[in-house]
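Below is the file structure36.tsv, which contains TSV, N, CA and C atoms.
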chain	number	residue	atom	x	y	z
A	26	MET	N	55.35	153.99	117.18
A	26	MET	CA	56.30	152.93	116.94
A	26	MET	C	57.36	152.92	118.05
A	27	LEU	N	57.84	151.72	118.39
A	27	LEU	CA	58.87	151.56	119.40
A	27	LEU	C	60.16	151.08	118.75
A	28	VAL	N	61.29	151.47	119.35
A	28	VAL	CA	62.60	151.06	118.87
A	28	VAL	C	63.20	150.11	119.90
A	29	PHE	N	63.45	148.86	119.46
A	29	PHE	CA	64.05	147.86	120.32
A	29	PHE	C	65.56	147.81	120.07
A	30	PRO	N	66.36	147.72	121.12
A	30	PRO	CA	67.81	147.64	120.93
A	30	PRO	C	68.22	146.28	120.37
A	31	ASP	N	69.26	146.27	119.56
A	31	ASP	CA	69.83	145.03	119.04
A	31	ASP	C	70.83	144.53	120.09
A	32	LEU	N	70.34	143.72	121.00
A	32	LEU	CA	71.18	143.32	122.14
A	32	LEU	C	72.27	142.34	121.76
A	33	GLU	N	72.06	141.55	120.73
A	33	GLU	CA	73.16	140.69	120.25
A	33	GLU	C	74.35	141.55	119.85
A	34	SER	N	74.10	142.53	119.00
A	34	SER	CA	75.19	143.39	118.52
A	34	SER	C	75.77	144.22	119.66
A	35	LEU	N	74.93	144.68	120.56
A	35	LEU	CA	75.41	145.49	121.68
A	35	LEU	C	76.38	144.69	122.54
A	36	LEU	N	76.03	143.45	122.88
A	36	LEU	CA	76.92	142.62	123.69
A	36	LEU	C	78.20	142.29	122.94
A	37	ALA	N	78.09	141.97	121.66
A	37	ALA	CA	79.28	141.67	120.87
A	37	ALA	C	80.22	142.88	120.81
A	38	THR	N	79.66	144.06	120.58
A	38	THR	CA	80.47	145.28	120.52
A	38	THR	C	81.13	145.57	121.87
A	39	PHE	N	80.36	145.42	122.94
A	39	PHE	CA	80.87	145.65	124.29
A	39	PHE	C	82.05	144.72	124.59
A	40	LEU	N	81.85	143.42	124.36
A	40	LEU	CA	82.90	142.45	124.67
A	40	LEU	C	84.11	142.61	123.76
A	41	ASP	N	83.87	142.90	122.48
A	41	ASP	CA	84.96	143.05	121.53
A	41	ASP	C	85.87	144.23	121.90
A	42	ALA	N	85.32	145.23	122.55
A	42	ALA	CA	86.09	146.42	122.93
A	42	ALA	C	86.88	146.23	124.22
A	43	ARG	N	86.63	145.15	124.95
A	43	ARG	CA	87.29	144.93	126.22
A	43	ARG	C	88.73	144.46	126.02
A	44	PRO	N	89.71	145.13	126.65
A	44	PRO	CA	91.11	144.72	126.49
A	44	PRO	C	91.38	143.31	127.03
A	45	GLU	N	90.56	142.85	127.97
A	45	GLU	CA	90.73	141.50	128.51
A	45	GLU	C	90.50	140.42	127.44
A	46	LEU	N	89.81	140.78	126.36
A	46	LEU	CA	89.50	139.82	125.31
A	46	LEU	C	90.30	140.06	124.03
A	47	ASP	N	91.41	140.79	124.14
A	47	ASP	CA	92.28	140.98	122.96
A	47	ASP	C	92.68	139.63	122.39
A	48	GLY	N	92.57	139.48	121.09
A	48	GLY	CA	92.93	138.24	120.42
A	48	GLY	C	91.81	137.22	120.35
A	49	VAL	N	90.67	137.52	120.98
A	49	VAL	CA	89.51	136.63	120.96
A	49	VAL	C	88.52	137.17	119.93
A	50	THR	N	88.00	136.30	119.10
A	50	THR	CA	86.95	136.68	118.16
A	50	THR	C	85.63	136.76	118.92
A	51	VAL	N	84.96	137.92	118.84
A	51	VAL	CA	83.64	138.08	119.44
A	51	VAL	C	82.68	138.37	118.30
A	52	THR	N	81.62	137.57	118.20
A	52	THR	CA	80.76	137.65	117.02
A	52	THR	C	79.33	137.20	117.33
A	53	THR	N	78.44	137.49	116.42
A	53	THR	CA	77.08	136.97	116.48
A	53	THR	C	76.89	135.84	115.47
A	54	ASP	N	77.94	135.52	114.72
A	54	ASP	CA	77.86	134.47	113.71
A	54	ASP	C	79.25	133.93	113.42
A	55	LEU	N	79.54	132.73	113.87
A	55	LEU	CA	80.85	132.14	113.62
A	55	LEU	C	81.02	131.83	112.14
A	56	PRO	N	82.21	132.04	111.61
A	56	PRO	CA	82.44	131.69	110.21
A	56	PRO	C	82.34	130.17	110.01
A	57	LEU	N	81.96	129.76	108.82
A	57	LEU	CA	81.81	128.33	108.53
A	57	LEU	C	83.10	127.55	108.72
A	58	ASN	N	84.22	128.21	108.49
A	58	ASN	CA	85.51	127.52	108.61
A	58	ASN	C	86.13	127.62	110.00
A	59	PHE	N	85.36	128.01	111.00
A	59	PHE	CA	85.88	128.13	112.36
A	59	PHE	C	86.32	126.76	112.87
A	60	THR	N	87.55	126.67	113.37
A	60	THR	CA	88.10	125.39	113.81
A	60	THR	C	88.26	125.28	115.33
A	61	GLY	N	88.14	126.39	116.03
A	61	GLY	CA	88.32	126.36	117.48
A	61	GLY	C	89.77	126.45	117.91
A	62	ALA	N	90.67	126.66	116.96
A	62	ALA	CA	92.09	126.74	117.30
A	62	ALA	C	92.41	127.97	118.14
A	63	THR	N	91.57	128.98	118.06
A	63	THR	CA	91.73	130.19	118.87
A	63	THR	C	90.44	130.43	119.64
A	64	GLY	N	90.50	131.32	120.62
A	64	GLY	CA	89.31	131.63	121.42
A	64	GLY	C	88.28	132.40	120.62
A	65	ALA	N	87.02	132.12	120.91
A	65	ALA	CA	85.92	132.85	120.28
A	65	ALA	C	84.74	132.90	121.24
A	66	VAL	N	83.98	133.98	121.13
A	66	VAL	CA	82.75	134.14	121.89
A	66	VAL	C	81.63	134.41	120.90
A	67	LEU	N	80.59	133.58	120.98
A	67	LEU	CA	79.43	133.70	120.11
A	67	LEU	C	78.25	134.17	120.95
A	68	ILE	N	77.63	135.27	120.51
A	68	ILE	CA	76.47	135.85	121.21
A	68	ILE	C	75.22	135.54	120.40
A	69	THR	N	74.21	134.94	121.05
A	69	THR	CA	72.97	134.59	120.36
A	69	THR	C	71.77	134.94	121.23
A	70	ARG	N	70.84	135.68	120.66
A	70	ARG	CA	69.58	135.95	121.37
A	70	ARG	C	68.70	134.72	121.23
A	71	MET	N	68.20	134.22	122.36
A	71	MET	CA	67.39	133.02	122.39
A	71	MET	C	65.92	133.31	122.71
A	72	GLY	N	65.51	134.54	122.50
A	72	GLY	CA	64.13	134.92	122.80
A	72	GLY	C	64.09	135.95	123.90
A	73	GLY	N	63.01	135.93	124.63
A	73	GLY	CA	62.82	136.90	125.70
A	73	GLY	C	61.40	137.39	125.70
A	74	GLU	N	61.21	138.56	126.28
A	74	GLU	CA	59.86	139.13	126.34
A	74	GLU	C	59.93	140.64	126.37
A	75	PHE	N	58.85	141.25	125.91
A	75	PHE	CA	58.70	142.71	125.99
A	75	PHE	C	57.80	143.02	127.17
A	76	ARG	N	58.30	143.78	128.10
A	76	ARG	CA	57.50	144.20	129.26
A	76	ARG	C	56.93	145.58	128.95
A	77	ASP	N	55.74	145.56	128.39
A	77	ASP	CA	55.17	146.81	127.86
A	77	ASP	C	54.84	147.82	128.94
A	78	ASP	N	54.55	147.38	130.17
A	78	ASP	CA	54.25	148.34	131.23
A	78	ASP	C	55.49	149.11	131.67
A	79	GLU	N	56.67	148.55	131.43
A	79	GLU	CA	57.93	149.19	131.81
A	79	GLU	C	58.75	149.65	130.61
A	80	LEU	N	58.32	149.31	129.41
A	80	LEU	CA	59.10	149.54	128.18
A	80	LEU	C	60.50	148.93	128.31
A	81	ILE	N	60.51	147.64	128.64
A	81	ILE	CA	61.75	146.90	128.83
A	81	ILE	C	61.78	145.70	127.90
A	82	ASP	N	62.90	145.51	127.22
A	82	ASP	CA	63.16	144.30	126.46
A	82	ASP	C	63.96	143.38	127.38
A	83	ALA	N	63.37	142.26	127.78
A	83	ALA	CA	64.03	141.29	128.66
A	83	ALA	C	64.50	140.13	127.78
A	84	ALA	N	65.71	140.25	127.28
A	84	ALA	CA	66.25	139.29	126.31
A	84	ALA	C	66.93	138.13	127.01
A	85	ARG	N	66.75	136.92	126.47
A	85	ARG	CA	67.53	135.76	126.89
A	85	ARG	C	68.69	135.65	125.91
A	86	ILE	N	69.90	135.73	126.44
A	86	ILE	CA	71.11	135.73	125.62
A	86	ILE	C	71.96	134.51	125.98
A	87	ARG	N	72.36	133.78	124.94
A	87	ARG	CA	73.27	132.65	125.14
A	87	ARG	C	74.67	133.09	124.71
A	88	VAL	N	75.64	132.78	125.55
A	88	VAL	CA	77.03	133.09	125.26
A	88	VAL	C	77.79	131.77	125.17
A	89	ASP	N	78.33	131.49	124.00
A	89	ASP	CA	79.15	130.30	123.78
A	89	ASP	C	80.61	130.75	123.80
A	90	ALA	N	81.39	130.15	124.69
A	90	ALA	CA	82.82	130.46	124.78
A	90	ALA	C	83.60	129.26	124.25
A	91	TYR	N	84.36	129.47	123.18
A	91	TYR	CA	85.11	128.41	122.51
A	91	TYR	C	86.60	128.56	122.81
A	92	GLY	N	87.27	127.42	122.87
A	92	GLY	CA	88.71	127.44	123.03
A	92	GLY	C	89.32	126.20	122.40
A	93	PRO	N	90.64	126.18	122.26
A	93	PRO	CA	91.31	125.03	121.65
A	93	PRO	C	91.22	123.77	122.51
A	94	ALA	N	90.93	123.93	123.80
A	94	ALA	CA	90.77	122.80	124.71
A	94	ALA	C	89.81	123.22	125.82
A	95	LYS	N	89.32	122.26	126.56
A	95	LYS	CA	88.34	122.52	127.61
A	95	LYS	C	88.80	123.59	128.62
A	96	PRO	N	90.03	123.53	129.16
A	96	PRO	CA	90.44	124.55	130.13
A	96	PRO	C	90.43	125.97	129.55
A	97	ALA	N	90.85	126.12	128.30
A	97	ALA	CA	90.86	127.45	127.67
A	97	ALA	C	89.44	127.97	127.46
A	98	ALA	N	88.54	127.10	127.02
A	98	ALA	CA	87.15	127.50	126.83
A	98	ALA	C	86.53	127.89	128.17
A	99	HIS	N	86.88	127.16	129.22
A	99	HIS	CA	86.35	127.47	130.55
A	99	HIS	C	86.85	128.82	131.06
A	100	ARG	N	88.16	129.07	130.90
A	100	ARG	CA	88.71	130.36	131.31
A	100	ARG	C	88.02	131.51	130.58
A	101	LEU	N	87.78	131.33	129.28
A	101	LEU	CA	87.11	132.36	128.49
A	101	LEU	C	85.68	132.57	128.97
A	102	ALA	N	84.96	131.49	129.25
A	102	ALA	CA	83.58	131.59	129.76
A	102	ALA	C	83.56	132.36	131.08
A	103	LEU	N	84.52	132.08	131.96
A	103	LEU	CA	84.58	132.78	133.24
A	103	LEU	C	84.92	134.26	133.07
A	104	LEU	N	85.77	134.56	132.12
A	104	LEU	CA	86.12	135.94	131.84
A	104	LEU	C	84.89	136.72	131.36
A	105	VAL	N	84.17	136.15	130.42
A	105	VAL	CA	82.95	136.81	129.92
A	105	VAL	C	81.92	136.94	131.05
A	106	ARG	N	81.81	135.92	131.84
A	106	ARG	CA	80.89	135.94	132.99
A	106	ARG	C	81.20	137.10	133.93
A	107	GLY	N	82.47	137.42	134.07
A	107	GLY	CA	82.86	138.53	134.92
A	107	GLY	C	82.71	139.90	134.27
A	108	LEU	N	82.67	139.95	132.94
A	108	LEU	CA	82.55	141.22	132.23
A	108	LEU	C	81.10	141.66	132.03
A	109	LEU	N	80.20	140.73	131.78
A	109	LEU	CA	78.82	141.12	131.44
A	109	LEU	C	78.10	141.91	132.53
A	110	PRO	N	78.37	141.69	133.81
A	110	PRO	CA	77.72	142.53	134.82
A	110	PRO	C	78.10	144.02	134.73
A	111	LEU	N	79.14	144.34	133.94
A	111	LEU	CA	79.52	145.74	133.75
A	111	LEU	C	78.64	146.47	132.73
A	112	LEU	N	77.81	145.73	131.99
A	112	LEU	CA	76.96	146.35	130.96
A	112	LEU	C	76.12	147.52	131.48
A	113	PRO	N	75.46	147.40	132.64
A	113	PRO	CA	74.64	148.53	133.09
A	113	PRO	C	75.43	149.79	133.46
A	114	THR	N	76.73	149.66	133.67
A	114	THR	CA	77.54	150.82	134.05
A	114	THR	C	78.27	151.44	132.86
A	115	THR	N	77.95	150.95	131.66
A	115	THR	CA	78.66	151.37	130.46
A	115	THR	C	77.74	152.18	129.55
A	116	ARG	N	78.29	153.22	128.95
A	116	ARG	CA	77.55	154.02	127.97
A	116	ARG	C	77.60	153.29	126.63
A	117	HIS	N	76.43	153.09	126.02
A	117	HIS	CA	76.33	152.32	124.78
A	117	HIS	C	75.89	153.20	123.61
A	118	ALA	N	76.20	152.74	122.39
A	118	ALA	CA	75.84	153.46	121.17
A	118	ALA	C	74.32	153.66	121.12
A	119	GLU	N	73.93	154.73	120.47
A	119	GLU	CA	72.52	155.08	120.27
A	119	GLU	C	71.77	155.27	121.58
A	120	GLY	N	72.50	155.49	122.67
A	120	GLY	CA	71.86	155.77	123.95
A	120	GLY	C	71.15	154.58	124.58
A	121	VAL	N	71.48	153.38	124.16
A	121	VAL	CA	70.83	152.19	124.73
A	121	VAL	C	71.17	152.10	126.21
A	122	LEU	N	70.14	151.88	127.01
A	122	LEU	CA	70.32	151.78	128.46
A	122	LEU	C	70.05	150.34	128.88
A	123	VAL	N	71.09	149.67	129.39
A	123	VAL	CA	70.95	148.33	129.95
A	123	VAL	C	70.80	148.50	131.45
A	124	SER	N	69.70	147.99	131.99
A	124	SER	CA	69.44	148.19	133.42
A	124	SER	C	69.87	147.02	134.28
A	125	GLU	N	69.95	145.80	133.70
A	125	GLU	CA	70.28	144.65	134.53
A	125	GLU	C	70.79	143.50	133.68
A	126	VAL	N	71.72	142.73	134.24
A	126	VAL	CA	72.21	141.49	133.64
A	126	VAL	C	72.12	140.43	134.72
A	127	VAL	N	71.38	139.36	134.44
A	127	VAL	CA	71.18	138.28	135.40
A	127	VAL	C	71.62	136.97	134.75
A	128	GLU	N	72.47	136.23	135.41
A	128	GLU	CA	72.87	134.92	134.89
A	128	GLU	C	71.74	133.93	135.17
A	129	GLU	N	71.28	133.25	134.11
A	129	GLU	CA	70.23	132.24	134.28
A	129	GLU	C	70.82	130.87	134.57
A	130	TYR	N	71.89	130.52	133.90
A	130	TYR	CA	72.64	129.31	134.23
A	130	TYR	C	73.96	129.31	133.51
A	131	GLY	N	74.88	128.53	134.08
A	131	GLY	CA	76.14	128.36	133.41
A	131	GLY	C	77.31	128.68	134.30
A	132	PRO	N	78.49	128.59	133.75
A	132	PRO	CA	78.85	127.97	132.48
A	132	PRO	C	78.66	126.44	132.52
A	133	VAL	N	78.21	125.91	131.40
A	133	VAL	CA	77.95	124.49	131.24
A	133	VAL	C	78.79	123.97	130.08
A	134	TRP	N	79.47	122.84	130.28
A	134	TRP	CA	80.32	122.24	129.26
A	134	TRP	C	79.47	121.55	128.19
A	135	PHE	N	79.67	121.95	126.93
A	135	PHE	CA	79.03	121.32	125.78
A	135	PHE	C	80.04	121.34	124.64
A	136	THR	N	80.40	120.20	124.11
A	136	THR	CA	81.20	120.25	122.88
A	136	THR	C	80.25	120.65	121.75
A	137	ASP	N	80.80	121.27	120.74
A	137	ASP	CA	80.00	121.71	119.60
A	137	ASP	C	80.08	120.65	118.51
A	138	SER	N	79.11	119.75	118.47
A	138	SER	CA	79.13	118.63	117.54
A	138	SER	C	78.98	119.09	116.09
A	139	ARG	N	78.39	120.25	115.87
A	139	ARG	CA	78.25	120.76	114.50
A	139	ARG	C	79.58	121.20	113.92
A	140	ARG	N	80.54	121.45	114.79
A	140	ARG	CA	81.84	121.95	114.35
A	140	ARG	C	82.96	121.00	114.75
A	141	GLY	N	82.72	119.71	114.72
A	141	GLY	CA	83.77	118.75	115.00
A	141	GLY	C	84.13	118.62	116.46
A	142	HIS	N	83.16	118.81	117.33
A	142	HIS	CA	83.35	118.65	118.77
A	142	HIS	C	84.38	119.63	119.34
A	143	ILE	N	84.28	120.87	118.92
A	143	ILE	CA	85.14	121.94	119.45
A	143	ILE	C	84.77	122.20	120.91
A	144	ALA	N	85.79	122.50	121.73
A	144	ALA	CA	85.58	122.79	123.15
A	144	ALA	C	84.73	124.05	123.32
A	145	ARG	N	83.67	123.93	124.15
A	145	ARG	CA	82.75	125.06	124.31
A	145	ARG	C	82.08	125.00	125.68
A	146	TYR	N	81.93	126.17	126.29
A	146	TYR	CA	81.09	126.35	127.47
A	146	TYR	C	79.96	127.30	127.11
A	147	VAL	N	78.76	127.01	127.61
A	147	VAL	CA	77.58	127.81	127.33
A	147	VAL	C	77.06	128.41	128.63
A	148	THR	N	76.76	129.70	128.59
A	148	THR	CA	76.16	130.40	129.72
A	148	THR	C	74.98	131.19	129.18
A	149	LYS	N	73.89	131.23	129.94
A	149	LYS	CA	72.72	132.01	129.53
A	149	LYS	C	72.48	133.14	130.51
A	150	PHE	N	72.14	134.29	129.92
A	150	PHE	CA	71.89	135.50	130.69
A	150	PHE	C	70.54	136.08	130.32
A	151	ARG	N	69.97	136.83	131.25
A	151	ARG	CA	68.81	137.67	130.97
A	151	ARG	C	69.35	139.10	130.99
A	152	VAL	N	69.14	139.82	129.89
A	152	VAL	CA	69.62	141.20	129.77
A	152	VAL	C	68.41	142.11	129.61
A	153	LEU	N	68.27	143.07	130.50
A	153	LEU	CA	67.15	144.00	130.46
A	153	LEU	C	67.62	145.33	129.91
A	154	ALA	N	66.92	145.81	128.89
A	154	ALA	CA	67.29	147.08	128.24
A	154	ALA	C	66.04	147.88	127.94
A	155	ALA	N	66.19	149.19	127.97
A	155	ALA	CA	65.07	150.08	127.70
A	155	ALA	C	64.68	150.06	126.23
A	156	VAL	N	63.37	150.09	126.01
A	156	VAL	CA	62.79	150.26	124.67
A	156	VAL	C	62.31	151.70	124.62
A	157	ARG	N	62.57	152.36	123.51
A	157	ARG	CA	62.19	153.79	123.46
A	157	ARG	C	61.25	154.06	122.29
A	158	PRO	N	60.45	155.08	122.44
A	158	PRO	CA	59.60	155.49	121.30
A	158	PRO	C	60.47	156.04	120.17
A	159	ALA	N	60.06	155.81	118.94
A	159	ALA	CA	60.79	156.35	117.78
A	159	ALA	C	60.69	157.86	117.81
A	160	SER	N	61.77	158.52	117.41
A	160	SER	CA	61.75	159.98	117.42
A	160	SER	C	61.32	160.54	116.08
Please render this file's structure as structure tokens.
Amino acid sequence: MLVFPDLESLLATFLDARPELDGVTVTTDLPLNFTGATGAVLITRMGGEFRDDELIDAARIRVDAYGPAKPAAHRLALLVRGLLPLLPTTRHAEGVLVSEVVEEYGPVWFTDSRRGHIARYVTKFRVLAAVRPAS
């Protein structure tokens, strides 16, 4: 059996611990009553692939950066964009090893129509992490 890392939770935990994001909600699931009045970062795994010859989970991760207005959401997206490349240099819980973070596209402006057109920028990343055999 193989153990795959929970990369959504890993990214959320990593970003939530960063002092640069104090006061920002970092989550894998926005609350239903979220209004966008404060900054928030939503982490969502959008698929990916298992590279069995290398034991690598190559996850596609979407990062939604929300703010009370377009400029605030953009600043937050840029901040997260600058922090995620630090993942491979950071020690993670359960010994998860992140080997690479590659930006696939972004930040791209999208209002969130499901939440009343809240200001949002979306960026997609490819995150490569080691898969390990169960002990």
Residue nearest A:Ala155 among A:Ala83, A:Ala94, A:Met26, A:Val88 (counting all atoms listed in the file):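 Checking each of A:Ala83, A:Ala94, A:Met26, A:Val88 against A:Ala155, counting all atoms listed in the file, the winner is A:Ala83.
As for atom N of A:Ala154 and atom N of A:Leu46, they are spaced 23.6 Å apart.
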Which is closer to A:Glu45 than all the others in A:Glu125, A:Ala84, A:Leu104, A:Gly64, using all atoms listed in the file? A:Leu104
Would you mind listing what lies within 6.5 Å of A:Phe29 as a ChimeraX atom specification, with only N, CA and C atoms counted and same-chain residues fewer than 3 positions away left out? /A:32,155-157
Could you check the closest approach to A:Phe150 for each of A:Arg116, A:Leu103, A:Thr50, A:Arg87 and tell me which residue wins, using all atoms listed in the file?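 Between A:Arg116, A:Leu103, A:Thr50, A:Arg87, the residue approaching A:Phe150 most closely is A:Arg87.
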